[in-house]
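Text of entry.csv (CSV, N, CA, C and O atoms) as supplied:
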```csv
chain,number,residue,atom,x,y,z
J,758,MET,N,60.7,100.8,107.7
J,758,MET,CA,61.6,99.8,108.1
J,758,MET,C,62.4,99.3,106.8
J,758,MET,O,61.8,99.2,105.8
J,759,MET,N,63.7,99.0,107.0
J,759,MET,CA,64.5,98.6,105.8
J,759,MET,C,64.1,97.1,105.5
J,759,MET,O,64.0,96.3,106.4
J,760,SER,N,64.0,96.8,104.3
J,760,SER,CA,63.7,95.4,103.9
J,760,SER,C,65.0,94.6,104.0
J,760,SER,O,66.1,95.1,104.1
J,761,GLU,N,64.8,93.3,104.0
J,761,GLU,CA,66.0,92.4,104.0
J,761,GLU,C,66.9,92.6,102.9
J,761,GLU,O,68.1,92.6,103.0
J,762,GLU,N,66.4,92.9,101.7
J,762,GLU,CA,67.2,93.2,100.5
J,762,GLU,C,68.0,94.5,100.7
J,762,GLU,O,69.1,94.5,100.3
J,763,LYS,N,67.3,95.5,101.3
J,763,LYS,CA,68.0,96.8,101.5
J,763,LYS,C,69.1,96.6,102.5
J,763,LYS,O,70.2,97.2,102.3
J,764,LEU,N,68.9,95.9,103.5
J,764,LEU,CA,69.9,95.6,104.6
J,764,LEU,C,71.1,94.9,103.9
J,764,LEU,O,72.3,95.3,104.2
J,765,ALA,N,70.8,93.9,103.1
J,765,ALA,CA,71.9,93.2,102.4
J,765,ALA,C,72.7,94.1,101.5
J,765,ALA,O,73.9,94.1,101.4
J,766,GLU,N,72.0,95.0,100.8
J,766,GLU,CA,72.6,96.0,99.9
J,766,GLU,C,73.6,96.9,100.7
J,766,GLU,O,74.7,97.2,100.3
J,767,VAL,N,73.1,97.4,101.9
J,767,VAL,CA,73.9,98.2,102.7
J,767,VAL,C,75.2,97.5,103.2
J,767,VAL,O,76.3,98.0,103.2
J,768,LEU,N,75.0,96.2,103.6
J,768,LEU,CA,76.2,95.4,104.0
J,768,LEU,C,77.2,95.2,102.9
J,768,LEU,O,78.4,95.3,103.1
J,769,ASP,N,76.6,95.0,101.7
J,769,ASP,CA,77.5,94.9,100.5
J,769,ASP,C,78.3,96.1,100.3
J,769,ASP,O,79.5,96.1,100.0
J,770,ARG,N,77.6,97.3,100.4
J,770,ARG,CA,78.3,98.6,100.2
J,770,ARG,C,79.4,98.8,101.2
J,770,ARG,O,80.5,99.2,100.8
J,771,TYR,N,79.2,98.5,102.4
J,771,TYR,CA,80.2,98.7,103.5
J,771,TYR,C,81.3,97.7,103.3
J,771,TYR,O,82.5,98.0,103.5
J,772,GLU,N,81.0,96.5,103.0
J,772,GLU,CA,82.0,95.5,102.8
J,772,GLU,C,82.9,95.9,101.7
J,772,GLU,O,84.2,95.7,101.8
J,773,ALA,N,82.4,96.4,100.6
J,773,ALA,CA,83.2,96.8,99.4
J,773,ALA,C,84.1,97.9,99.8
J,773,ALA,O,85.3,97.9,99.4
J,774,ILE,N,83.7,98.9,100.5
J,774,ILE,CA,84.6,100.0,100.9
J,774,ILE,C,85.6,99.6,101.9
J,774,ILE,O,86.8,100.1,101.9
J,775,LEU,N,85.3,98.6,102.7
J,775,LEU,CA,86.3,98.1,103.7
J,775,LEU,C,87.4,97.2,103.1
J,775,LEU,O,88.4,96.9,103.8
J,776,VAL,N,87.2,96.7,101.9
J,776,VAL,CA,88.2,95.8,101.3
J,776,VAL,C,89.4,96.6,101.0
J,776,VAL,O,90.5,96.1,101.3
J,777,HIS,N,89.3,97.8,100.4
J,777,HIS,CA,90.5,98.6,100.1
J,777,HIS,C,90.2,100.0,100.6
J,777,HIS,O,90.2,101.0,99.8
J,778,PRO,N,90.1,100.2,101.9
J,778,PRO,CA,89.8,101.6,102.4
J,778,PRO,C,91.1,102.5,102.4
J,778,PRO,O,92.2,102.0,102.2
J,779,ALA,N,90.8,103.7,102.5
J,779,ALA,CA,91.9,104.7,102.5
J,779,ALA,C,92.9,104.5,103.6
J,779,ALA,O,94.0,104.8,103.5
J,780,GLY,N,92.4,104.1,104.8
J,780,GLY,CA,93.2,103.9,105.9
J,780,GLY,C,93.5,102.4,106.2
J,780,GLY,O,93.5,102.0,107.3
J,781,ASP,N,93.8,101.7,105.2
J,781,ASP,CA,94.1,100.2,105.3
J,781,ASP,C,95.1,100.0,106.3
J,781,ASP,O,96.2,100.6,106.4
J,782,GLY,N,94.9,99.0,107.2
J,782,GLY,CA,95.8,98.6,108.2
J,782,GLY,C,95.5,99.3,109.6
J,782,GLY,O,96.0,98.9,110.6
J,783,ASP,N,94.6,100.3,109.5
J,783,ASP,CA,94.2,101.0,110.7
J,783,ASP,C,93.4,100.0,111.6
J,783,ASP,O,92.5,99.3,111.1
J,784,TRP,N,93.6,100.0,112.9
J,784,TRP,CA,92.8,99.1,113.8
J,784,TRP,C,91.3,99.3,113.7
J,784,TRP,O,90.6,98.4,113.9
J,785,ARG,N,90.9,100.6,113.5
J,785,ARG,CA,89.5,100.8,113.4
J,785,ARG,C,88.9,100.2,112.2
J,785,ARG,O,87.8,99.6,112.2
J,786,THR,N,89.6,100.3,111.1
J,786,THR,CA,89.2,99.7,109.8
J,786,THR,C,89.1,98.2,110.0
J,786,THR,O,88.2,97.5,109.5
J,787,GLU,N,90.1,97.6,110.6
J,787,GLU,CA,90.1,96.2,110.8
J,787,GLU,C,88.9,95.7,111.6
J,787,GLU,O,88.3,94.7,111.4
J,788,HIS,N,88.6,96.5,112.7
J,788,HIS,CA,87.4,96.1,113.5
J,788,HIS,C,86.1,96.2,112.7
J,788,HIS,O,85.3,95.3,112.7
J,789,LEU,N,86.0,97.2,111.9
J,789,LEU,CA,84.8,97.3,111.0
J,789,LEU,C,84.7,96.2,110.1
J,789,LEU,O,83.6,95.6,109.8
J,790,ARG,N,85.8,95.8,109.5
J,790,ARG,CA,85.9,94.7,108.5
J,790,ARG,C,85.4,93.4,109.2
J,790,ARG,O,84.7,92.6,108.5
J,791,THR,N,85.8,93.2,110.4
J,791,THR,CA,85.4,91.9,111.1
J,791,THR,C,83.9,91.9,111.5
J,791,THR,O,83.3,90.9,111.7
J,792,MET,N,83.3,93.1,111.5
J,792,MET,CA,81.9,93.2,111.9
J,792,MET,C,80.9,92.7,110.8
J,792,MET,O,79.8,92.2,111.1
J,793,VAL,N,81.3,92.9,109.5
J,793,VAL,CA,80.4,92.6,108.4
J,793,VAL,C,79.9,91.2,108.4
J,793,VAL,O,78.7,90.9,108.3
J,794,PRO,N,80.8,90.1,108.5
J,794,PRO,CA,80.3,88.8,108.5
J,794,PRO,C,79.3,88.5,109.7
J,794,PRO,O,78.3,87.8,109.5
J,795,LYS,N,79.6,89.1,110.8
J,795,LYS,CA,78.7,88.9,112.0
J,795,LYS,C,77.3,89.5,111.7
J,795,LYS,O,76.3,89.0,112.0
J,796,MET,N,77.4,90.7,111.0
J,796,MET,CA,76.1,91.4,110.7
J,796,MET,C,75.3,90.5,109.7
J,796,MET,O,74.1,90.5,109.8
J,797,ARG,N,76.0,89.9,108.8
J,797,ARG,CA,75.3,89.0,107.8
J,797,ARG,C,74.6,87.8,108.6
J,797,ARG,O,73.5,87.4,108.2
J,798,GLU,N,75.3,87.3,109.6
J,798,GLU,CA,74.7,86.3,110.4
J,798,GLU,C,73.4,86.8,111.1
J,798,GLU,O,72.4,86.1,111.2
J,799,PHE,N,73.5,88.0,111.7
J,799,PHE,CA,72.3,88.6,112.3
J,799,PHE,C,71.2,88.7,111.3
J,799,PHE,O,70.0,88.4,111.7
J,800,LEU,N,71.5,89.1,110.1
J,800,LEU,CA,70.4,89.2,109.0
J,800,LEU,C,69.8,87.8,108.8
J,800,LEU,O,68.6,87.7,108.7
J,801,ALA,N,70.7,86.8,108.6
J,801,ALA,CA,70.2,85.5,108.3
J,801,ALA,C,69.4,84.9,109.5
J,801,ALA,O,68.4,84.1,109.2
J,802,GLU,N,69.7,85.3,110.7
J,802,GLU,CA,69.0,84.8,111.9
J,802,GLU,C,67.8,85.6,112.3
J,802,GLU,O,67.2,85.4,113.3
J,803,ASP,N,67.5,86.6,111.4
J,803,ASP,CA,66.4,87.6,111.7
J,803,ASP,C,66.6,88.3,113.0
J,803,ASP,O,65.6,88.5,113.8
J,804,ARG,N,67.8,88.6,113.4
J,804,ARG,CA,68.1,89.4,114.6
J,804,ARG,C,68.2,90.9,114.2
J,804,ARG,O,69.3,91.5,114.3
J,805,ARG,N,67.1,91.4,113.7
J,805,ARG,CA,67.1,92.7,113.1
J,805,ARG,C,67.5,93.8,114.1
J,805,ARG,O,68.2,94.8,113.8
J,806,GLU,N,67.0,93.7,115.3
J,806,GLU,CA,67.3,94.8,116.3
J,806,GLU,C,68.8,94.9,116.5
J,806,GLU,O,69.4,96.0,116.5
J,807,LYS,N,69.5,93.8,116.7
J,807,LYS,CA,70.9,93.8,116.9
J,807,LYS,C,71.6,94.3,115.7
J,807,LYS,O,72.6,95.1,115.7
J,808,LEU,N,71.2,93.8,114.5
J,808,LEU,CA,71.7,94.2,113.2
J,808,LEU,C,71.7,95.8,113.1
J,808,LEU,O,72.6,96.4,112.7
J,809,MET,N,70.5,96.3,113.4
J,809,MET,CA,70.3,97.8,113.3
J,809,MET,C,71.3,98.6,114.2
J,809,MET,O,71.8,99.6,113.8
J,810,ARG,N,71.5,98.0,115.4
J,810,ARG,CA,72.4,98.7,116.3
J,810,ARG,C,73.8,98.7,115.7
J,810,ARG,O,74.6,99.7,115.8
J,811,TRP,N,74.2,97.5,115.2
J,811,TRP,CA,75.6,97.4,114.6
J,811,TRP,C,75.7,98.3,113.3
J,811,TRP,O,76.7,98.9,113.1
J,812,ILE,N,74.6,98.4,112.5
J,812,ILE,CA,74.7,99.2,111.4
J,812,ILE,C,74.9,100.7,111.8
J,812,ILE,O,75.7,101.4,111.3
J,813,GLY,N,74.1,101.1,112.9
J,813,GLY,CA,74.3,102.4,113.4
J,813,GLY,C,75.7,102.7,113.9
J,813,GLY,O,76.3,103.8,113.6
J,814,PHE,N,76.3,101.7,114.5
J,814,PHE,CA,77.7,101.9,115.0
J,814,PHE,C,78.6,102.0,113.8
J,814,PHE,O,79.5,102.9,113.8
J,815,MET,N,78.4,101.2,112.8
J,815,MET,CA,79.3,101.2,111.6
J,815,MET,C,79.1,102.6,110.9
J,815,MET,O,80.1,103.2,110.5
J,816,GLN,N,77.9,103.0,110.8
J,816,GLN,CA,77.7,104.3,110.1
J,816,GLN,C,78.3,105.4,110.8
J,816,GLN,O,78.9,106.3,110.2
J,817,GLY,N,78.3,105.4,112.1
J,817,GLY,CA,78.9,106.4,112.9
J,817,GLY,C,80.4,106.4,112.8
J,817,GLY,O,81.1,107.4,112.7
J,818,ALA,N,81.0,105.2,112.7
J,818,ALA,CA,82.4,105.1,112.5
J,818,ALA,C,82.8,105.6,111.1
J,818,ALA,O,83.8,106.3,111.0
J,819,LEU,N,82.1,105.2,110.1
J,819,LEU,CA,82.4,105.6,108.7
J,819,LEU,C,82.3,107.1,108.6
J,819,LEU,O,83.0,107.7,107.9
J,820,TRP,N,81.3,107.7,109.3
J,820,TRP,CA,81.2,109.2,109.3
J,820,TRP,C,82.4,109.8,110.0
J,820,TRP,O,83.0,110.8,109.5
J,821,SER,N,82.8,109.3,111.2
J,821,SER,CA,83.9,109.9,111.9
J,821,SER,C,85.2,109.7,111.1
J,821,SER,O,86.1,110.5,111.3
J,822,LEU,N,85.3,108.7,110.3
J,822,LEU,CA,86.5,108.5,109.5
J,822,LEU,C,86.4,109.4,108.2
J,822,LEU,O,87.4,109.4,107.4
J,823,GLU,N,85.3,110.0,108.1
J,823,GLU,CA,85.1,111.0,106.9
J,823,GLU,C,85.0,110.2,105.6
J,823,GLU,O,85.4,110.8,104.6
J,824,TRP,N,84.5,109.0,105.6
J,824,TRP,CA,84.3,108.3,104.4
J,824,TRP,C,83.0,108.5,103.7
J,824,TRP,O,82.8,108.4,102.5
J,825,TYR,N,82.0,108.9,104.6
J,825,TYR,CA,80.7,109.3,104.1
J,825,TYR,C,80.2,110.5,104.9
J,825,TYR,O,80.5,110.6,106.1
J,826,SER,N,79.4,111.3,104.2
J,826,SER,CA,78.7,112.4,104.9
J,826,SER,C,77.5,111.9,105.6
J,826,SER,O,77.0,110.8,105.3
J,827,LEU,N,76.9,112.7,106.5
J,827,LEU,CA,75.7,112.3,107.1
J,827,LEU,C,74.6,112.1,106.1
J,827,LEU,O,73.8,111.2,106.2
J,828,GLU,N,74.5,113.0,105.1
J,828,GLU,CA,73.5,112.9,104.1
J,828,GLU,C,73.6,111.6,103.3
J,828,GLU,O,72.6,110.9,102.9
J,829,GLU,N,74.9,111.2,102.9
J,829,GLU,CA,75.1,109.9,102.2
J,829,GLU,C,74.6,108.7,103.0
J,829,GLU,O,74.0,107.8,102.5
J,830,LEU,N,74.9,108.8,104.3
J,830,LEU,CA,74.6,107.7,105.2
J,830,LEU,C,73.0,107.6,105.3
J,830,LEU,O,72.5,106.5,105.3
J,831,LYS,N,72.4,108.7,105.4
J,831,LYS,CA,70.9,108.7,105.4
J,831,LYS,C,70.3,108.1,104.1
J,831,LYS,O,69.4,107.3,104.2
J,832,ASP,N,71.0,108.4,103.0
J,832,ASP,CA,70.5,107.9,101.7
J,832,ASP,C,70.7,106.4,101.7
J,832,ASP,O,69.9,105.7,101.1
J,833,HIS,N,71.7,105.8,102.4
J,833,HIS,CA,71.9,104.4,102.4
J,833,HIS,C,70.7,103.7,103.0
J,833,HIS,O,70.4,102.5,102.7
J,834,ASN,N,70.1,104.3,104.0
J,834,ASN,CA,69.0,103.7,104.7
J,834,ASN,C,67.6,104.0,104.0
J,834,ASN,O,66.6,103.3,104.4
J,835,ARG,N,67.5,104.8,103.1
J,835,ARG,CA,66.3,105.2,102.4
J,835,ARG,C,65.9,104.0,101.5
J,835,ARG,O,66.7,103.5,100.8
J,836,PRO,N,64.5,103.8,101.4
J,836,PRO,CA,64.1,102.8,100.4
J,836,PRO,C,64.5,103.3,99.0
J,836,PRO,O,64.6,104.5,98.7
J,837,ASP,N,64.7,102.3,98.1
J,837,ASP,CA,65.0,102.6,96.7
J,837,ASP,C,63.7,103.2,96.1
J,837,ASP,O,62.6,102.8,96.4
J,838,ALA,N,64.0,104.1,95.2
J,838,ALA,CA,62.8,104.8,94.5
J,838,ALA,C,62.2,103.9,93.5
J,838,ALA,O,62.7,103.0,92.9
```

Go ahead and express the file in the form of structure tokens.
Amino acid sequence: MMSEEKLAEVLDRYEAILVHPAGDGDWRTEHLRTMVPKMREFLAEDRREKLMRWIGFMQGALWSLEWYSLEELKDHNRPDA
């Protein structure tokens, strides 16, 4: 299971890429950008199950936009060494 710190790290990573994404202005990018603050709320409220579903959705979207490979996304979820 991902720690609270790891979840926050993943949200930081996705928020950073969504600030200046390759497809800026795209409706999909805008939607993903609006998800991050809500996901932070879920983390603060310990709504882990919902947060994990949203992270899965976001990772699927980032993969389909070809911003990350599946292997990179898996690495995002792995515990730090």

Atom O of Leu800 (chain J) to atom N of Gln816 (chain J), straight-line distance in Å:
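According to the coordinates, atom N of Gln816 (chain J) and atom O of Leu800 (chain J) are separated by 18.0 Å.
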
At a cut-off of 12 Å around the point (83.2, 93.8, 103.4) (file coordinates), what residues fall inside when counting only C-alpha atoms? I'd like the answer as JSON, numbers by chain.
{"J": [765, 766, 767, 768, 769, 770, 771, 772, 773, 774, 775, 776, 777, 778, 786, 787, 788, 789, 790, 791, 792, 793, 794, 795, 796, 797, 815]}

Can you check which residues of chain J DSSP gives as helix (DSSP H, G or I) on the backbone and send them as a count of residues only?
59

Can you work out the spacing between CA of Met759 (chain J) and CA of Arg785 (chain J) in Å, to one decimal?
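Atom-to-atom, CA of Met759 (chain J) to CA of Arg785 (chain J), that is 26.2 Å.
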
Quick one: distance from atom C of Met758 (chain J) to atom O of Asn834 (chain J) in Å, one decimal?
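So the answer is 6.3 Å.
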
Using only C-alpha atoms, determine which residues lie at most 12 Å from Asp832 (chain J), disregarding the query and same-chain residues fewer than 4 positions distant; provide the list as a PyMOL selection string.
chain J and resi 759+763+767+816+825-828+836-838

What would region 814-825 of chain J look like with all heavy atoms in place, written as an mmCIF file, keeping the file's coordinate frame?
```cif
data_model
loop_
_atom_site.group_PDB
_atom_site.id
_atom_site.type_symbol
_atom_site.label_atom_id
_atom_site.label_comp_id
_atom_site.auth_asym_id
_atom_site.auth_seq_id
_atom_site.Cartn_x
_atom_site.Cartn_y
_atom_site.Cartn_z
ATOM 1 N N PHE J 814 76.300 101.700 114.500
ATOM 2 C CA PHE J 814 77.700 101.900 115.000
ATOM 3 C C PHE J 814 78.600 102.000 113.800
ATOM 4 O O PHE J 814 79.500 102.900 113.800
ATOM 5 C CB PHE J 814 78.108 100.663 115.831
ATOM 6 C CG PHE J 814 79.555 100.704 116.239
ATOM 7 C CD1 PHE J 814 79.937 101.333 117.409
ATOM 8 C CD2 PHE J 814 80.529 100.117 115.441
ATOM 9 C CE1 PHE J 814 81.279 101.376 117.784
ATOM 10 C CE2 PHE J 814 81.865 100.164 115.805
ATOM 11 C CZ PHE J 814 82.238 100.797 116.973
ATOM 12 N N MET J 815 78.400 101.200 112.800
ATOM 13 C CA MET J 815 79.300 101.200 111.600
ATOM 14 C C MET J 815 79.100 102.600 110.900
ATOM 15 O O MET J 815 80.100 103.200 110.500
ATOM 16 C CB MET J 815 79.029 100.070 110.695
ATOM 17 C CG MET J 815 79.963 100.077 109.484
ATOM 18 S SD MET J 815 79.962 98.567 108.553
ATOM 19 C CE MET J 815 80.874 97.490 109.645
ATOM 20 N N GLN J 816 77.900 103.000 110.800
ATOM 21 C CA GLN J 816 77.700 104.300 110.100
ATOM 22 C C GLN J 816 78.300 105.400 110.800
ATOM 23 O O GLN J 816 78.900 106.300 110.200
ATOM 24 C CB GLN J 816 76.204 104.515 109.847
ATOM 25 C CG GLN J 816 75.640 103.604 108.776
ATOM 26 C CD GLN J 816 74.159 103.787 108.551
ATOM 27 O OE1 GLN J 816 73.418 104.205 109.439
ATOM 28 N NE2 GLN J 816 73.713 103.461 107.346
ATOM 29 N N GLY J 817 78.300 105.400 112.100
ATOM 30 C CA GLY J 817 78.900 106.400 112.900
ATOM 31 C C GLY J 817 80.400 106.400 112.800
ATOM 32 O O GLY J 817 81.100 107.400 112.700
ATOM 33 N N ALA J 818 81.000 105.200 112.700
ATOM 34 C CA ALA J 818 82.400 105.100 112.500
ATOM 35 C C ALA J 818 82.800 105.600 111.100
ATOM 36 O O ALA J 818 83.800 106.300 111.000
ATOM 37 C CB ALA J 818 82.842 103.620 112.722
ATOM 38 N N LEU J 819 82.100 105.200 110.100
ATOM 39 C CA LEU J 819 82.400 105.600 108.700
ATOM 40 C C LEU J 819 82.300 107.100 108.600
ATOM 41 O O LEU J 819 83.000 107.700 107.900
ATOM 42 C CB LEU J 819 81.469 104.888 107.726
ATOM 43 C CG LEU J 819 81.688 103.376 107.615
ATOM 44 C CD1 LEU J 819 80.608 102.746 106.743
ATOM 45 C CD2 LEU J 819 83.081 103.057 107.081
ATOM 46 N N TRP J 820 81.300 107.700 109.300
ATOM 47 C CA TRP J 820 81.200 109.200 109.300
ATOM 48 C C TRP J 820 82.400 109.800 110.000
ATOM 49 O O TRP J 820 83.000 110.800 109.500
ATOM 50 C CB TRP J 820 79.868 109.575 109.998
ATOM 51 C CG TRP J 820 79.742 111.055 110.148
ATOM 52 C CD1 TRP J 820 79.414 111.949 109.175
ATOM 53 C CD2 TRP J 820 79.969 111.806 111.336
ATOM 54 N NE1 TRP J 820 79.416 113.232 109.694
ATOM 55 C CE2 TRP J 820 79.759 113.162 111.021
ATOM 56 C CE3 TRP J 820 80.321 111.464 112.629
ATOM 57 C CZ2 TRP J 820 79.891 114.176 111.967
ATOM 58 C CZ3 TRP J 820 80.458 112.480 113.567
ATOM 59 C CH2 TRP J 820 80.242 113.812 113.220
ATOM 60 N N SER J 821 82.800 109.300 111.200
ATOM 61 C CA SER J 821 83.900 109.900 111.900
ATOM 62 C C SER J 821 85.200 109.700 111.100
ATOM 63 O O SER J 821 86.100 110.500 111.300
ATOM 64 C CB SER J 821 84.003 109.267 113.311
ATOM 65 O OG SER J 821 84.438 107.932 113.261
ATOM 66 N N LEU J 822 85.300 108.700 110.300
ATOM 67 C CA LEU J 822 86.500 108.500 109.500
ATOM 68 C C LEU J 822 86.400 109.400 108.200
ATOM 69 O O LEU J 822 87.400 109.400 107.400
ATOM 70 C CB LEU J 822 86.649 107.005 109.078
ATOM 71 C CG LEU J 822 87.028 106.045 110.200
ATOM 72 C CD1 LEU J 822 86.846 104.595 109.755
ATOM 73 C CD2 LEU J 822 88.455 106.290 110.658
ATOM 74 N N GLU J 823 85.300 110.000 108.100
ATOM 75 C CA GLU J 823 85.100 111.000 106.900
ATOM 76 C C GLU J 823 85.000 110.200 105.600
ATOM 77 O O GLU J 823 85.400 110.800 104.600
ATOM 78 C CB GLU J 823 86.079 112.098 106.922
ATOM 79 C CG GLU J 823 86.007 112.950 108.161
ATOM 80 C CD GLU J 823 86.992 114.103 108.173
ATOM 81 O OE1 GLU J 823 87.874 114.172 107.293
ATOM 82 O OE2 GLU J 823 86.865 114.950 109.078
ATOM 83 N N TRP J 824 84.500 109.000 105.600
ATOM 84 C CA TRP J 824 84.300 108.300 104.400
ATOM 85 C C TRP J 824 83.000 108.500 103.700
ATOM 86 O O TRP J 824 82.800 108.400 102.500
ATOM 87 C CB TRP J 824 84.487 106.754 104.619
ATOM 88 C CG TRP J 824 85.886 106.353 104.967
ATOM 89 C CD1 TRP J 824 86.978 107.161 105.139
ATOM 90 C CD2 TRP J 824 86.344 105.033 105.187
ATOM 91 N NE1 TRP J 824 88.072 106.422 105.459
ATOM 92 C CE2 TRP J 824 87.725 105.115 105.494
ATOM 93 C CE3 TRP J 824 85.735 103.796 105.169
ATOM 94 C CZ2 TRP J 824 88.492 103.990 105.765
ATOM 95 C CZ3 TRP J 824 86.501 102.679 105.440
ATOM 96 C CH2 TRP J 824 87.866 102.783 105.736
ATOM 97 N N TYR J 825 82.000 108.900 104.600
ATOM 98 C CA TYR J 825 80.700 109.300 104.100
ATOM 99 C C TYR J 825 80.200 110.500 104.900
ATOM 100 O O TYR J 825 80.500 110.600 106.100
ATOM 101 C CB TYR J 825 79.679 108.136 104.296
ATOM 102 C CG TYR J 825 79.874 106.925 103.432
ATOM 103 C CD1 TYR J 825 80.309 105.727 103.973
ATOM 104 C CD2 TYR J 825 79.585 106.961 102.070
ATOM 105 C CE1 TYR J 825 80.470 104.599 103.182
ATOM 106 C CE2 TYR J 825 79.748 105.838 101.278
ATOM 107 C CZ TYR J 825 80.195 104.660 101.841
ATOM 108 O OH TYR J 825 80.352 103.544 101.061
#
```
